[in-house]
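Enquirer: I am sharing target_5.csv, which consists of CSV, C-alpha atoms:
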```
chain,number,residue,atom,x,y,z
O,785,MET,CA,160.8,103.9,125.5
O,786,LEU,CA,159.2,106.6,123.3
O,787,THR,CA,160.8,105.2,120.2
O,788,SER,CA,159.6,101.7,120.8
O,789,SER,CA,156.1,102.8,121.3
O,790,LEU,CA,156.0,104.4,117.9
O,791,VAL,CA,155.8,101.0,116.2
O,792,LEU,CA,152.7,100.2,118.2
O,793,GLY,CA,150.5,99.0,115.3
O,794,ALA,CA,152.9,96.4,114.2
O,795,ALA,CA,152.7,94.4,117.4
O,796,GLU,CA,149.1,93.4,116.9
O,797,HIS,CA,147.9,89.9,116.6
O,798,ALA,CA,148.8,88.5,113.2
O,799,SER,CA,145.5,86.8,112.2
O,800,ILE,CA,142.2,88.5,111.7
O,801,ASN,CA,140.0,88.5,114.8
O,802,THR,CA,137.0,86.8,113.1
O,803,GLY,CA,135.3,86.4,116.5
O,804,ASP,CA,135.2,90.2,116.9
O,805,ILE,CA,133.5,90.5,113.5
O,806,VAL,CA,130.8,88.1,114.5
O,807,PHE,CA,130.5,89.6,118.0
O,808,GLN,CA,130.3,93.1,116.7
O,809,LEU,CA,127.7,92.2,114.1
O,810,LEU,CA,125.6,90.3,116.6
O,811,MET,CA,125.9,93.0,119.3
O,812,PHE,CA,124.9,95.7,116.8
O,813,ILE,CA,121.9,93.8,115.6
O,814,ILE,CA,120.8,93.1,119.2
O,815,LEU,CA,121.3,96.7,120.1
O,816,LEU,CA,119.4,97.8,117.1
O,817,ALA,CA,116.5,95.5,117.9
O,818,LEU,CA,116.5,96.4,121.6
O,819,LEU,CA,116.6,100.1,121.0
O,820,LYS,CA,113.9,99.8,118.4
O,821,LYS,CA,111.7,98.1,120.9
O,822,PHE,CA,112.5,100.0,124.0
O,823,ALA,CA,113.7,103.4,123.0
O,824,TRP,CA,113.3,104.6,119.4
O,825,GLY,CA,109.9,103.0,118.9
O,826,PRO,CA,108.2,104.6,121.8
O,827,LEU,CA,110.0,107.9,121.2
O,828,MET,CA,108.9,107.9,117.5
O,829,GLY,CA,105.5,107.0,118.6
O,830,ILE,CA,105.2,109.9,120.9
O,831,MET,CA,106.6,112.3,118.3
O,832,LYS,CA,104.2,111.0,115.8
O,833,GLN,CA,101.4,111.3,118.3
O,834,ARG,CA,102.4,114.9,119.0
O,835,GLU,CA,102.5,115.6,115.4
O,836,GLU,CA,99.0,114.3,115.0
O,837,HIS,CA,97.9,116.1,118.1
O,838,ILE,CA,99.2,119.4,116.8
O,839,GLY,CA,97.6,118.7,113.4
O,840,SER,CA,94.3,117.9,115.0
O,841,GLU,CA,94.5,120.9,117.2
O,842,ILE,CA,95.1,123.1,114.2
O,843,GLN,CA,92.2,121.5,112.5
O,844,ALA,CA,90.0,122.0,115.5
O,845,ALA,CA,91.0,125.6,115.8
O,846,GLU,CA,90.3,126.2,112.2
O,847,ASN,CA,86.9,124.5,112.6
O,848,SER,CA,86.0,126.5,115.6
O,849,ARG,CA,87.1,129.7,113.8
O,850,LYS,CA,84.8,128.8,110.9
O,851,GLU,CA,82.0,127.9,113.4
O,852,ALA,CA,82.4,131.3,115.2
O,853,GLU,CA,82.3,133.1,111.9
O,854,LYS,CA,79.2,131.3,110.9
O,855,ILE,CA,77.5,132.0,114.2
O,856,LEU,CA,78.6,135.7,113.9
O,857,GLN,CA,77.0,135.9,110.5
O,858,GLU,CA,73.9,134.2,111.8
O,859,GLN,CA,73.7,136.6,114.7
O,860,ARG,CA,74.1,139.6,112.4
O,861,ASN,CA,71.3,138.3,110.2
O,862,LEU,CA,69.2,137.8,113.2
O,863,ILE,CA,69.8,141.3,114.4
O,864,LYS,CA,69.0,142.7,111.0
O,865,GLU,CA,65.8,140.6,110.9
O,866,ALA,CA,64.8,141.8,114.3
O,867,ARG,CA,65.4,145.4,113.3
O,868,ASN,CA,63.3,145.0,110.2
O,869,GLU,CA,60.6,143.3,112.2
O,870,ALA,CA,60.6,146.1,114.8
O,871,ALA,CA,60.4,148.7,112.0
O,872,SER,CA,57.5,146.9,110.4
O,873,LEU,CA,55.8,146.4,113.7
O,874,ILE,CA,56.0,150.2,114.4
O,875,GLU,CA,54.8,150.9,111.0
O,876,SER,CA,51.8,148.6,111.3
O,877,ALA,CA,51.1,149.9,114.8
O,878,LYS,CA,50.9,153.4,113.3
O,879,LYS,CA,48.6,152.3,110.6
O,880,GLN,CA,46.5,150.4,113.1
O,881,GLY,CA,46.3,153.6,115.2
O,882,ASP,CA,45.3,155.7,112.3
O,883,ILE,CA,42.6,153.2,111.4
O,884,GLN,CA,41.3,153.1,114.9
O,885,ARG,CA,41.2,156.8,115.2
O,886,GLU,CA,39.2,157.1,112.0
O,887,GLU,CA,36.9,154.4,113.3
O,888,ILE,CA,36.5,156.1,116.7
O,889,ILE,CA,35.8,159.4,115.0
O,890,THR,CA,33.2,157.8,112.7
O,891,THR,CA,31.5,156.0,115.4
O,892,ALA,CA,31.4,159.1,117.6
O,893,ARG,CA,30.0,161.1,114.7
O,894,SER,CA,27.3,158.5,114.0
O,895,GLU,CA,26.5,158.3,117.6
O,896,ALA,CA,26.2,162.0,117.8
O,897,GLU,CA,24.0,161.9,114.8
O,898,ARG,CA,21.9,159.2,116.3
O,899,ILE,CA,21.5,161.0,119.6
O,900,LYS,CA,20.6,164.2,117.7
O,901,GLU,CA,18.1,162.3,115.7
O,902,SER,CA,16.5,160.7,118.7
O,903,ALA,CA,16.4,164.0,120.5
O,904,LYS,CA,14.6,165.6,117.6
O,905,LEU,CA,12.2,162.7,117.6
O,906,GLU,CA,11.7,163.1,121.3
O,907,ILE,CA,11.1,166.8,120.8
O,908,GLU,CA,8.6,166.1,118.1
O,909,GLN,CA,6.8,163.6,120.2
O,910,GLN,CA,6.7,165.9,123.2
O,911,LYS,CA,5.3,168.6,120.9
O,912,GLU,CA,2.6,166.3,119.6
O,913,LYS,CA,1.8,165.3,123.1
O,914,ALA,CA,1.7,168.8,124.2
O,915,VAL,CA,-0.6,169.8,121.3
O,916,ALA,CA,-2.9,166.9,122.0
O,917,ALA,CA,-3.0,167.9,125.6
O,918,ILE,CA,-3.7,171.4,124.7
O,919,ARG,CA,-6.4,170.3,122.4
O,920,GLU,CA,-8.0,168.3,125.1
O,921,GLN,CA,-7.6,171.2,127.4
O,922,VAL,CA,-9.2,173.4,124.8
O,923,ALA,CA,-12.1,171.0,124.4
O,924,SER,CA,-12.8,170.9,128.1
O,925,LEU,CA,-12.4,174.7,128.2
O,926,SER,CA,-14.7,175.2,125.5
O,927,VAL,CA,-17.2,173.0,127.2
O,928,LEU,CA,-16.7,175.0,130.3
O,929,ILE,CA,-17.0,178.2,128.3
O,930,ALA,CA,-20.0,176.9,126.6
O,931,SER,CA,-21.6,176.0,129.9
O,932,LYS,CA,-20.8,179.5,131.2
O,933,VAL,CA,-22.1,181.1,128.0
O,934,ILE,CA,-25.2,179.1,128.2
O,935,GLU,CA,-25.6,180.3,131.7
O,936,LYS,CA,-25.4,183.8,130.4
O,937,GLU,CA,-28.0,182.9,127.7
O,938,LEU,CA,-26.0,183.8,124.8
O,939,SER,CA,-27.4,184.0,121.3
O,940,ALA,CA,-26.5,181.5,118.8
O,941,GLN,CA,-24.6,184.1,116.9
O,942,ASP,CA,-22.5,185.0,119.9
O,943,GLN,CA,-21.9,181.4,120.7
O,944,ASP,CA,-20.6,180.7,117.2
O,945,LYS,CA,-18.4,183.7,117.4
O,946,LEU,CA,-17.1,182.7,120.7
O,947,ILE,CA,-16.3,179.1,119.7
O,948,ASN,CA,-14.5,180.3,116.6
O,949,GLU,CA,-12.5,182.7,118.5
O,950,TYR,CA,-11.5,180.0,120.9
O,951,ILE,CA,-10.6,177.6,118.2
O,952,GLN,CA,-8.7,180.4,116.5
O,953,GLU,CA,-6.8,181.0,119.7
O,954,ALA,CA,-6.2,177.3,120.2
O,955,GLY,CA,-5.0,176.9,116.6
O,956,ASP,CA,-2.5,179.7,117.2
O,957,LEU,CA,-1.0,178.0,120.2
F,1445,MET,CA,151.6,101.7,124.9
F,1446,ASN,CA,153.0,98.8,123.1
F,1447,HIS,CA,150.2,96.6,124.5
F,1448,GLU,CA,149.2,93.1,123.6
F,1449,ALA,CA,145.6,92.2,122.8
F,1450,PRO,CA,144.0,89.6,124.9
F,1451,VAL,CA,143.1,87.2,122.1
F,1452,VAL,CA,141.2,84.0,122.9
F,1453,GLU,CA,140.4,81.3,120.4
F,1454,PHE,CA,136.9,79.9,120.7
F,1455,MET,CA,135.2,77.5,118.2
F,1456,GLY,CA,137.8,78.3,115.6
F,1457,LEU,CA,137.2,82.1,115.9
F,1458,TYR,CA,139.7,84.5,117.4
F,1459,PHE,CA,138.1,86.8,119.9
F,1460,ASN,CA,139.9,89.9,121.1
F,1461,MET,CA,138.4,89.9,124.6
F,1462,ALA,CA,139.1,93.6,125.0
F,1463,ASN,CA,137.0,94.3,121.9
F,1464,VAL,CA,134.3,92.0,123.2
F,1465,LEU,CA,134.3,93.8,126.5
F,1466,MET,CA,134.3,97.3,125.0
F,1467,ILE,CA,131.6,96.5,122.4
F,1468,THR,CA,129.5,95.2,125.2
F,1469,VAL,CA,130.2,98.3,127.3
F,1470,ALA,CA,129.5,100.7,124.5
F,1471,SER,CA,126.2,98.9,123.6
F,1472,ALA,CA,125.2,98.8,127.2
F,1473,ILE,CA,125.8,102.6,127.6
F,1474,VAL,CA,123.9,103.4,124.4
F,1475,PHE,CA,121.1,101.2,125.5
F,1476,LEU,CA,121.0,102.8,129.0
F,1477,ILE,CA,121.1,106.3,127.6
F,1478,ALA,CA,118.4,105.6,125.1
F,1479,VAL,CA,116.1,103.7,127.5
F,1480,LEU,CA,116.6,106.1,130.4
F,1481,SER,CA,115.8,109.1,128.2
F,1482,THR,CA,112.7,107.6,126.9
F,1483,ARG,CA,111.3,106.2,130.1
F,1484,LYS,CA,108.9,109.0,130.9
F,1485,LEU,CA,107.6,110.1,127.5
F,1486,ALA,CA,105.3,113.1,127.5
F,1487,MET,CA,103.6,115.0,124.8
F,1488,LYS,CA,105.3,118.0,126.3
F,1489,PRO,CA,108.9,116.9,126.2
F,1490,THR,CA,111.2,117.8,129.1
F,1491,GLY,CA,114.9,117.4,129.9
F,1492,ILE,CA,116.5,114.4,128.4
F,1493,GLN,CA,113.6,113.6,126.2
F,1494,ASN,CA,114.2,116.9,124.5
F,1495,PHE,CA,117.8,115.9,123.8
F,1496,MET,CA,116.8,112.5,122.4
F,1497,GLU,CA,114.2,114.2,120.2
F,1498,TRP,CA,116.9,116.6,119.0
F,1499,VAL,CA,119.1,113.6,118.1
F,1500,MET,CA,116.2,112.1,116.3
F,1501,ASP,CA,115.6,115.2,114.3
F,1502,PHE,CA,119.3,115.6,113.6
F,1503,VAL,CA,119.4,112.1,112.1
F,1504,LYS,CA,116.2,112.8,110.3
F,1505,GLY,CA,117.9,115.9,108.8
F,1506,VAL,CA,120.9,113.8,107.8
F,1507,ILE,CA,118.7,111.4,106.0
F,1508,ASN,CA,116.6,114.1,104.4
F,1509,SER,CA,119.7,115.8,103.0
F,1510,THR,CA,120.5,112.6,101.1
F,1511,MET,CA,117.2,111.1,100.0
F,1512,ASP,CA,113.5,111.3,100.0
F,1513,TRP,CA,111.9,110.6,103.4
F,1514,LYS,CA,109.6,108.1,101.8
F,1515,GLU,CA,112.5,105.9,101.2
F,1516,GLY,CA,114.8,107.2,103.9
F,1517,GLY,CA,112.3,106.9,106.8
F,1518,ARG,CA,113.1,103.2,107.2
F,1519,PHE,CA,116.8,104.0,107.9
F,1520,HIS,CA,115.9,106.4,110.7
F,1521,ILE,CA,116.4,103.8,113.5
F,1522,LEU,CA,119.6,102.5,111.8
F,1523,GLY,CA,121.0,106.0,111.6
F,1524,LEU,CA,120.1,106.7,115.2
F,1525,THR,CA,121.7,103.6,116.5
F,1526,LEU,CA,124.8,104.1,114.4
F,1527,ILE,CA,125.4,107.6,115.4
F,1528,MET,CA,124.8,106.9,119.1
F,1529,TYR,CA,126.9,103.7,119.1
F,1530,ILE,CA,129.8,105.2,117.3
F,1531,PHE,CA,129.8,108.4,119.3
F,1532,VAL,CA,129.8,106.5,122.6
F,1533,SER,CA,132.5,104.1,121.3
F,1534,ASN,CA,134.7,107.0,120.2
F,1535,MET,CA,134.3,108.6,123.6
F,1536,LEU,CA,135.0,105.5,125.6
F,1537,GLY,CA,138.8,105.5,124.9
F,1538,LEU,CA,139.3,109.2,125.8
F,1539,PRO,CA,139.2,109.5,129.6
F,1540,PHE,CA,141.6,106.7,130.3
F,1541,ALA,CA,143.0,103.4,129.1
F,1542,ILE,CA,143.3,100.3,131.3
F,1543,VAL,CA,146.2,97.9,130.8
F,1544,LEU,CA,146.2,94.7,132.7
F,1545,GLY,CA,149.1,92.3,132.5
F,1546,GLY,CA,150.4,94.0,129.3
F,1547,ASN,CA,147.0,93.6,127.7
F,1548,LEU,CA,145.1,96.7,126.7
F,1549,TRP,CA,141.5,96.2,128.1
F,1550,TRP,CA,139.9,99.6,128.1
F,1551,LYS,CA,139.9,101.5,124.7
F,1552,SER,CA,137.5,102.6,122.1
F,1553,PRO,CA,136.1,99.6,120.2
F,1554,THR,CA,136.2,101.8,117.1
F,1555,ALA,CA,140.0,102.1,117.5
F,1556,ASP,CA,140.2,98.6,116.0
F,1557,PRO,CA,140.0,98.2,112.2
F,1558,THR,CA,138.2,94.9,112.5
F,1559,ILE,CA,135.3,96.6,114.3
F,1560,THR,CA,135.0,99.6,112.0
F,1561,LEU,CA,135.3,97.5,108.9
F,1562,THR,CA,132.7,95.1,110.2
F,1563,LEU,CA,130.3,98.1,110.6
F,1564,ALA,CA,131.3,99.4,107.2
F,1565,VAL,CA,130.7,96.0,105.5
F,1566,MET,CA,127.5,95.7,107.3
F,1567,ILE,CA,126.4,99.0,105.9
F,1568,LEU,CA,127.5,97.8,102.4
F,1569,GLY,CA,125.4,94.7,102.8
F,1570,LEU,CA,122.4,96.7,103.9
F,1571,THR,CA,122.8,99.1,100.9
F,1572,HIS,CA,122.7,96.2,98.5
F,1573,TYR,CA,119.9,94.5,100.4
F,1574,TYR,CA,117.7,97.6,100.3
F,1575,GLY,CA,118.8,98.4,96.8
F,1576,ILE,CA,117.4,95.1,95.6
F,1577,LYS,CA,114.4,95.3,97.9
F,1578,LEU,CA,113.3,98.8,96.9
F,1579,LYS,CA,114.2,99.0,93.3
F,1580,GLY,CA,114.0,95.4,92.1
F,1581,ILE,CA,116.8,93.3,90.8
F,1582,LYS,CA,116.5,94.7,87.3
F,1583,GLU,CA,116.9,98.4,88.2
F,1584,TYR,CA,119.5,97.4,90.8
F,1585,THR,CA,121.7,95.7,88.2
F,1586,ALA,CA,121.1,98.6,85.8
F,1587,GLY,CA,122.5,100.9,88.4
F,1588,PHE,CA,126.0,99.3,87.8
F,1589,PHE,CA,125.9,100.4,84.2
F,1590,SER,CA,124.6,103.9,84.6
F,1591,PRO,CA,125.2,106.5,83.5
F,1592,MET,CA,127.5,104.8,81.0
F,1593,LYS,CA,128.4,101.1,80.4
F,1594,PHE,CA,132.1,101.5,80.6
F,1595,LEU,CA,131.9,102.8,84.1
F,1596,PHE,CA,131.0,99.3,85.3
F,1597,PRO,CA,134.6,98.4,86.5
F,1598,LEU,CA,134.7,101.7,88.4
F,1599,LYS,CA,131.4,100.9,90.0
F,1600,ILE,CA,132.7,97.6,91.1
F,1601,ILE,CA,135.8,99.2,92.6
F,1602,GLU,CA,133.5,101.7,94.3
F,1603,GLU,CA,131.7,98.9,96.0
F,1604,PHE,CA,135.0,97.9,97.6
F,1605,ALA,CA,136.4,101.3,98.1
F,1606,ASN,CA,133.3,102.7,99.9
F,1607,PRO,CA,133.3,100.4,102.9
F,1608,LEU,CA,137.1,100.3,103.0
F,1609,THR,CA,137.3,104.1,103.3
F,1610,LEU,CA,134.3,104.2,105.5
F,1611,GLY,CA,135.7,101.8,108.0
F,1612,LEU,CA,139.3,102.9,107.8
F,1613,ARG,CA,138.5,106.6,108.2
F,1614,LEU,CA,136.8,106.0,111.5
F,1615,TYR,CA,139.5,103.6,112.6
F,1616,GLY,CA,142.3,105.9,111.6
F,1617,ASN,CA,140.8,109.0,113.4
F,1618,ILE,CA,140.0,107.2,116.6
F,1619,TYR,CA,143.1,105.1,116.7
F,1620,ALA,CA,145.4,108.0,116.0
F,1621,GLY,CA,143.7,110.0,118.7
F,1622,GLU,CA,144.1,107.3,121.3
F,1623,LEU,CA,147.7,106.6,120.2
F,1624,LEU,CA,148.7,110.2,120.7
F,1625,LEU,CA,146.8,110.3,124.0
F,1626,SER,CA,148.7,107.2,125.2
F,1627,LEU,CA,152.0,108.7,124.0
F,1628,LEU,CA,151.3,111.9,125.9
F,1629,ALA,CA,149.9,110.4,129.1
F,1630,GLY,CA,151.9,107.2,129.1
F,1631,GLY,CA,155.1,108.3,127.4
F,1632,LEU,CA,155.8,112.0,127.7
F,1633,ALA,CA,154.4,112.3,131.2
F,1634,HIS,CA,156.9,109.7,132.4
F,1635,GLN,CA,160.0,111.6,131.1
F,1636,GLY,CA,160.7,113.4,134.3
F,1637,ILE,CA,159.1,116.4,135.9
F,1638,ILE,CA,159.4,118.7,132.8
F,1639,GLY,CA,157.8,116.1,130.7
F,1640,THR,CA,154.9,115.7,133.1
F,1641,ILE,CA,154.3,119.4,133.2
F,1642,ALA,CA,154.4,119.6,129.4
F,1643,ALA,CA,152.1,116.6,129.0
F,1644,ILE,CA,149.2,118.1,131.1
F,1645,PRO,CA,148.1,120.9,128.7
F,1646,LEU,CA,148.9,118.8,125.6
F,1647,THR,CA,146.8,115.9,126.9
F,1648,LEU,CA,144.0,118.3,127.8
F,1649,ALA,CA,144.1,119.9,124.4
F,1650,TRP,CA,144.3,116.6,122.6
F,1651,GLN,CA,141.5,115.1,124.6
F,1652,GLY,CA,139.3,118.1,123.8
F,1653,PHE,CA,140.2,117.8,120.1
F,1654,SER,CA,139.5,114.0,120.3
F,1655,VAL,CA,136.0,114.7,121.6
F,1656,PHE,CA,135.5,116.9,118.6
F,1657,VAL,CA,137.0,114.4,116.2
F,1658,GLY,CA,134.9,111.5,117.7
F,1659,THR,CA,131.7,113.5,117.4
F,1660,ILE,CA,132.5,114.5,113.8
F,1661,GLN,CA,133.5,110.9,112.9
F,1662,ALA,CA,130.2,109.6,114.3
F,1663,TYR,CA,128.4,112.2,112.2
F,1664,ILE,CA,130.4,111.4,109.1
F,1665,PHE,CA,129.9,107.7,109.4
F,1666,THR,CA,126.2,108.1,109.6
F,1667,MET,CA,126.1,110.7,106.9
F,1668,LEU,CA,128.1,108.5,104.5
F,1669,THR,CA,126.0,105.5,105.4
F,1670,MET,CA,122.9,107.5,104.2
F,1671,VAL,CA,124.7,108.7,101.1
F,1672,TYR,CA,125.7,105.2,100.1
F,1673,MET,CA,122.2,104.1,100.9
F,1674,SER,CA,120.6,106.7,98.8
F,1675,HIS,CA,122.9,105.8,95.9
F,1676,LYS,CA,121.4,102.4,95.9
F,1677,VAL,CA,117.9,103.2,96.9
F,1678,SER,CA,117.0,106.5,95.1
F,1679,HIS,CA,115.4,106.2,91.7
F,1680,ASP,CA,116.4,109.6,90.3
F,1681,HIS,CA,120.1,109.1,90.7
```
Give the structure from this file in structure tokens form.

Expert:
Amino acid sequence: MLTSSLVLGAAEHASINTGDIVFQLLMFIILLALLKKFAWGPLMGIMKQREEHIGSEIQAAENSRKEAEKILQEQRNLIKEARNEAASLIESAKKQGDIQREEIITTARSEAERIKESAKLEIEQQKEKAVAAIREQVASLSVLIASKVIEKELSAQDQDKLINEYIQEAGDL
Amino acid sequence: MNHEAPVVEFMGLYFNMANVLMITVASAIVFLIAVLSTRKLAMKPTGIQNFMEWVMDFVKGVINSTMDWKEGGRFHILGLTLIMYIFVSNMLGLPFAIVLGGNLWWKSPTADPTITLTLAVMILGLTHYYGIKLKGIKEYTAGFFSPMKFLFPLKIIEEFANPLTLGLRLYGNIYAGELLLSLLAGGLAHQGIIGTIAAIPLTLAWQGFSVFVGTIQAYIFTMLTMVYMSHKVSHDH
């Protein structure tokens, strides 16, 4: 039994199985077409899609990184600008303060001057007024004196002397 | 063991009905595997889709190792189908063989030289077709006389030798594997109790080895297909 089975190949059909050739070819082509349509095509599609997806994701990540860097730079510039502005603001405020101080001092000084001036003027006026009042007083006094003197019958000489004396006194006031 | 083939004549062509059956079965299995594994496609692959994508990348690697992807990309689907079909065909004859009325019905379709040579000649035809299509008839013809003119006869012989070796290598490996399996399981195992005990580890070992051989042969067939293809298609050869 074992020996007879060793000559297995020789017992095959003598002619070529032409039908098998045709069938195999046909089946393979059909299989190829079906697989392309139902299996490999979609699978390749999804693989390609994934490839593109990954590519675009990388691109997007790169873009957002660049964007972030740009924004960071912008923010840095903004902070720098703000700092500079603050410094200049402080500077100008100081200057402004100085100027204001000077101004206030000058106005105060001039005001004081003005008040002093007006006070002086007032004093002068009061003095004039007082002098005028005294003069009037003197005149009326002298009239009074004169009338008294006349009552006493003074000589002209005495009268003159008296008046002069009074005037002298009034002038000294 | 010494089985007949169920040959039927139809329209002047001889059909080995066992081959017809097994080709259909192998094709159906390949189709089912491929379609089932690509039913639920996701951007994040899971389970069997991962496996299918690995096969795809594997075939892509095979093609890339022989030619530029710019030219080789179009053979991706061919390579995938070839490797899957041949692998499944090689595996079919391993678990069992079915004999009905002296006719061997269940076997590897690739254990028949007609089938393997058909595939090989189909590859040959495709290489010539793509050779002319991609390089033009002039450069294609010049390919027979390069690098030296006197190599022309050798080139012609090569055109016959390539498909012959391609087909017969596959056939020989698979047929020998199945033959030895049938001898072990159908012959030695029937030689009394000692024979049966001896046949069990031997059959196991040989089946394991046949799985390995079947896988390797599927890979080699695809690889050589791409090598022959690149011979005809690549410009810088």

Enquirer: Within 9 Å of chain O, which residues of chain F come that close, and what is the closest atom pair and distance in Å for each? Count all atoms listed in the file and give it as JSON lines.

Expert:
```
{"residue": "F:Met1445", "atom": "CA", "partner": "O:Ser789", "partner_atom": "CA", "distance": 5.9}
{"residue": "F:Asn1446", "atom": "CA", "partner": "O:Leu792", "partner_atom": "CA", "distance": 5.1}
{"residue": "F:His1447", "atom": "CA", "partner": "O:Leu792", "partner_atom": "CA", "distance": 7.7}
{"residue": "F:Glu1448", "atom": "CA", "partner": "O:Glu796", "partner_atom": "CA", "distance": 6.7}
{"residue": "F:Ala1449", "atom": "CA", "partner": "O:Glu796", "partner_atom": "CA", "distance": 7.0}
{"residue": "F:Val1451", "atom": "CA", "partner": "O:His797", "partner_atom": "CA", "distance": 7.8}
{"residue": "F:Glu1453", "atom": "CA", "partner": "O:Gly803", "partner_atom": "CA", "distance": 8.2}
{"residue": "F:Phe1454", "atom": "CA", "partner": "O:Gly803", "partner_atom": "CA", "distance": 7.9}
{"residue": "F:Gly1456", "atom": "CA", "partner": "O:Gly803", "partner_atom": "CA", "distance": 8.5}
{"residue": "F:Leu1457", "atom": "CA", "partner": "O:Gly803", "partner_atom": "CA", "distance": 4.7}
{"residue": "F:Tyr1458", "atom": "CA", "partner": "O:Asn801", "partner_atom": "CA", "distance": 4.8}
{"residue": "F:Phe1459", "atom": "CA", "partner": "O:Gly803", "partner_atom": "CA", "distance": 4.4}
{"residue": "F:Asn1460", "atom": "CA", "partner": "O:Asp804", "partner_atom": "CA", "distance": 6.3}
{"residue": "F:Met1461", "atom": "CA", "partner": "O:Asp804", "partner_atom": "CA", "distance": 8.3}
{"residue": "F:Asn1463", "atom": "CA", "partner": "O:Asp804", "partner_atom": "CA", "distance": 6.7}
{"residue": "F:Val1464", "atom": "CA", "partner": "O:Asp804", "partner_atom": "CA", "distance": 6.6}
{"residue": "F:Ile1467", "atom": "CA", "partner": "O:Gln808", "partner_atom": "CA", "distance": 6.8}
{"residue": "F:Thr1468", "atom": "CA", "partner": "O:Met811", "partner_atom": "CA", "distance": 7.3}
{"residue": "F:Ser1471", "atom": "CA", "partner": "O:Leu815", "partner_atom": "CA", "distance": 6.4}
{"residue": "F:Ala1472", "atom": "CA", "partner": "O:Leu815", "partner_atom": "CA", "distance": 8.4}
{"residue": "F:Val1474", "atom": "CA", "partner": "O:Leu815", "partner_atom": "CA", "distance": 8.4}
{"residue": "F:Phe1475", "atom": "CA", "partner": "O:Leu819", "partner_atom": "CA", "distance": 6.5}
{"residue": "F:Ala1478", "atom": "CA", "partner": "O:Ala823", "partner_atom": "CA", "distance": 5.6}
{"residue": "F:Val1479", "atom": "CA", "partner": "O:Ala823", "partner_atom": "CA", "distance": 5.1}
{"residue": "F:Leu1480", "atom": "CA", "partner": "O:Ala823", "partner_atom": "CA", "distance": 8.4}
{"residue": "F:Ser1481", "atom": "CA", "partner": "O:Ala823", "partner_atom": "CA", "distance": 8.0}
{"residue": "F:Thr1482", "atom": "CA", "partner": "O:Ala823", "partner_atom": "CA", "distance": 5.8}
{"residue": "F:Arg1483", "atom": "CA", "partner": "O:Ala823", "partner_atom": "CA", "distance": 8.0}
{"residue": "F:Leu1485", "atom": "CA", "partner": "O:Ile830", "partner_atom": "CA", "distance": 7.0}
{"residue": "F:Ala1486", "atom": "CA", "partner": "O:Ile830", "partner_atom": "CA", "distance": 7.3}
{"residue": "F:Met1487", "atom": "CA", "partner": "O:Arg834", "partner_atom": "CA", "distance": 5.9}
{"residue": "F:Lys1488", "atom": "CA", "partner": "O:Arg834", "partner_atom": "CA", "distance": 8.4}
{"residue": "F:Gln1493", "atom": "CA", "partner": "O:Leu827", "partner_atom": "CA", "distance": 8.4}
{"residue": "F:Met1496", "atom": "CA", "partner": "O:Leu827", "partner_atom": "CA", "distance": 8.3}
{"residue": "F:Glu1497", "atom": "CA", "partner": "O:Leu827", "partner_atom": "CA", "distance": 7.6}
{"residue": "F:Met1500", "atom": "CA", "partner": "O:Met828", "partner_atom": "CA", "distance": 8.5}
{"residue": "F:Ile1521", "atom": "CA", "partner": "O:Trp824", "partner_atom": "CA", "distance": 6.7}
{"residue": "F:Leu1522", "atom": "CA", "partner": "O:Leu816", "partner_atom": "CA", "distance": 7.1}
{"residue": "F:Leu1524", "atom": "CA", "partner": "O:Trp824", "partner_atom": "CA", "distance": 8.3}
{"residue": "F:Thr1525", "atom": "CA", "partner": "O:Leu816", "partner_atom": "CA", "distance": 6.3}
{"residue": "F:Leu1526", "atom": "CA", "partner": "O:Leu816", "partner_atom": "CA", "distance": 8.7}
{"residue": "F:Tyr1529", "atom": "CA", "partner": "O:Phe812", "partner_atom": "CA", "distance": 8.6}
{"residue": "F:Thr1558", "atom": "CA", "partner": "O:Ile805", "partner_atom": "CA", "distance": 6.5}
{"residue": "F:Ile1559", "atom": "CA", "partner": "O:Ile805", "partner_atom": "CA", "distance": 6.4}
{"residue": "F:Leu1561", "atom": "CA", "partner": "O:Ile805", "partner_atom": "CA", "distance": 8.6}
{"residue": "F:Thr1562", "atom": "CA", "partner": "O:Ile805", "partner_atom": "CA", "distance": 5.7}
{"residue": "F:Leu1563", "atom": "CA", "partner": "O:Leu809", "partner_atom": "CA", "distance": 7.3}
{"residue": "F:Met1566", "atom": "CA", "partner": "O:Leu809", "partner_atom": "CA", "distance": 7.7}
{"residue": "F:Leu1623", "atom": "CA", "partner": "O:Leu792", "partner_atom": "CA", "distance": 8.4}
{"residue": "F:Leu1627", "atom": "CA", "partner": "O:Leu786", "partner_atom": "CA", "distance": 7.5}
{"residue": "F:Gly1631", "atom": "CA", "partner": "O:Leu786", "partner_atom": "CA", "distance": 6.0}
{"residue": "F:Leu1632", "atom": "CA", "partner": "O:Leu786", "partner_atom": "CA", "distance": 7.8}
```

Enquirer: Quote the spacing between atom CA of Thr1560 of chain F and atom CA of Gly1587 of chain F in Å to one decimal place.

Expert: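 Result for atom CA of Thr1560 of chain F versus atom CA of Gly1587 of chain F: 26.7 Å, one decimal.
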
Enquirer: How many Å lie between atom CA of Phe1519 of chain F and atom CA of Val1499 of chain F, rounded to one decimal?

Expert: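 Between atom CA of Phe1519 of chain F and atom CA of Val1499 of chain F the gap is 14.2 Å.
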
Enquirer: Kindly give the distance, in Å, that separates atom CA of Arg867 of chain O and atom CA of Glu886 of chain O, rounded to a single decimal.

Expert: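 For atom CA of Arg867 of chain O relative to atom CA of Glu886 of chain O, the distance reads 28.7 Å.
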
Enquirer: Mind listing as a PyMOL selection string all residues within 6 Å of (125.4, 108.2, 123.3), counting all atoms listed in the file?

Expert: chain F and resi 1474+1528+1531-1532
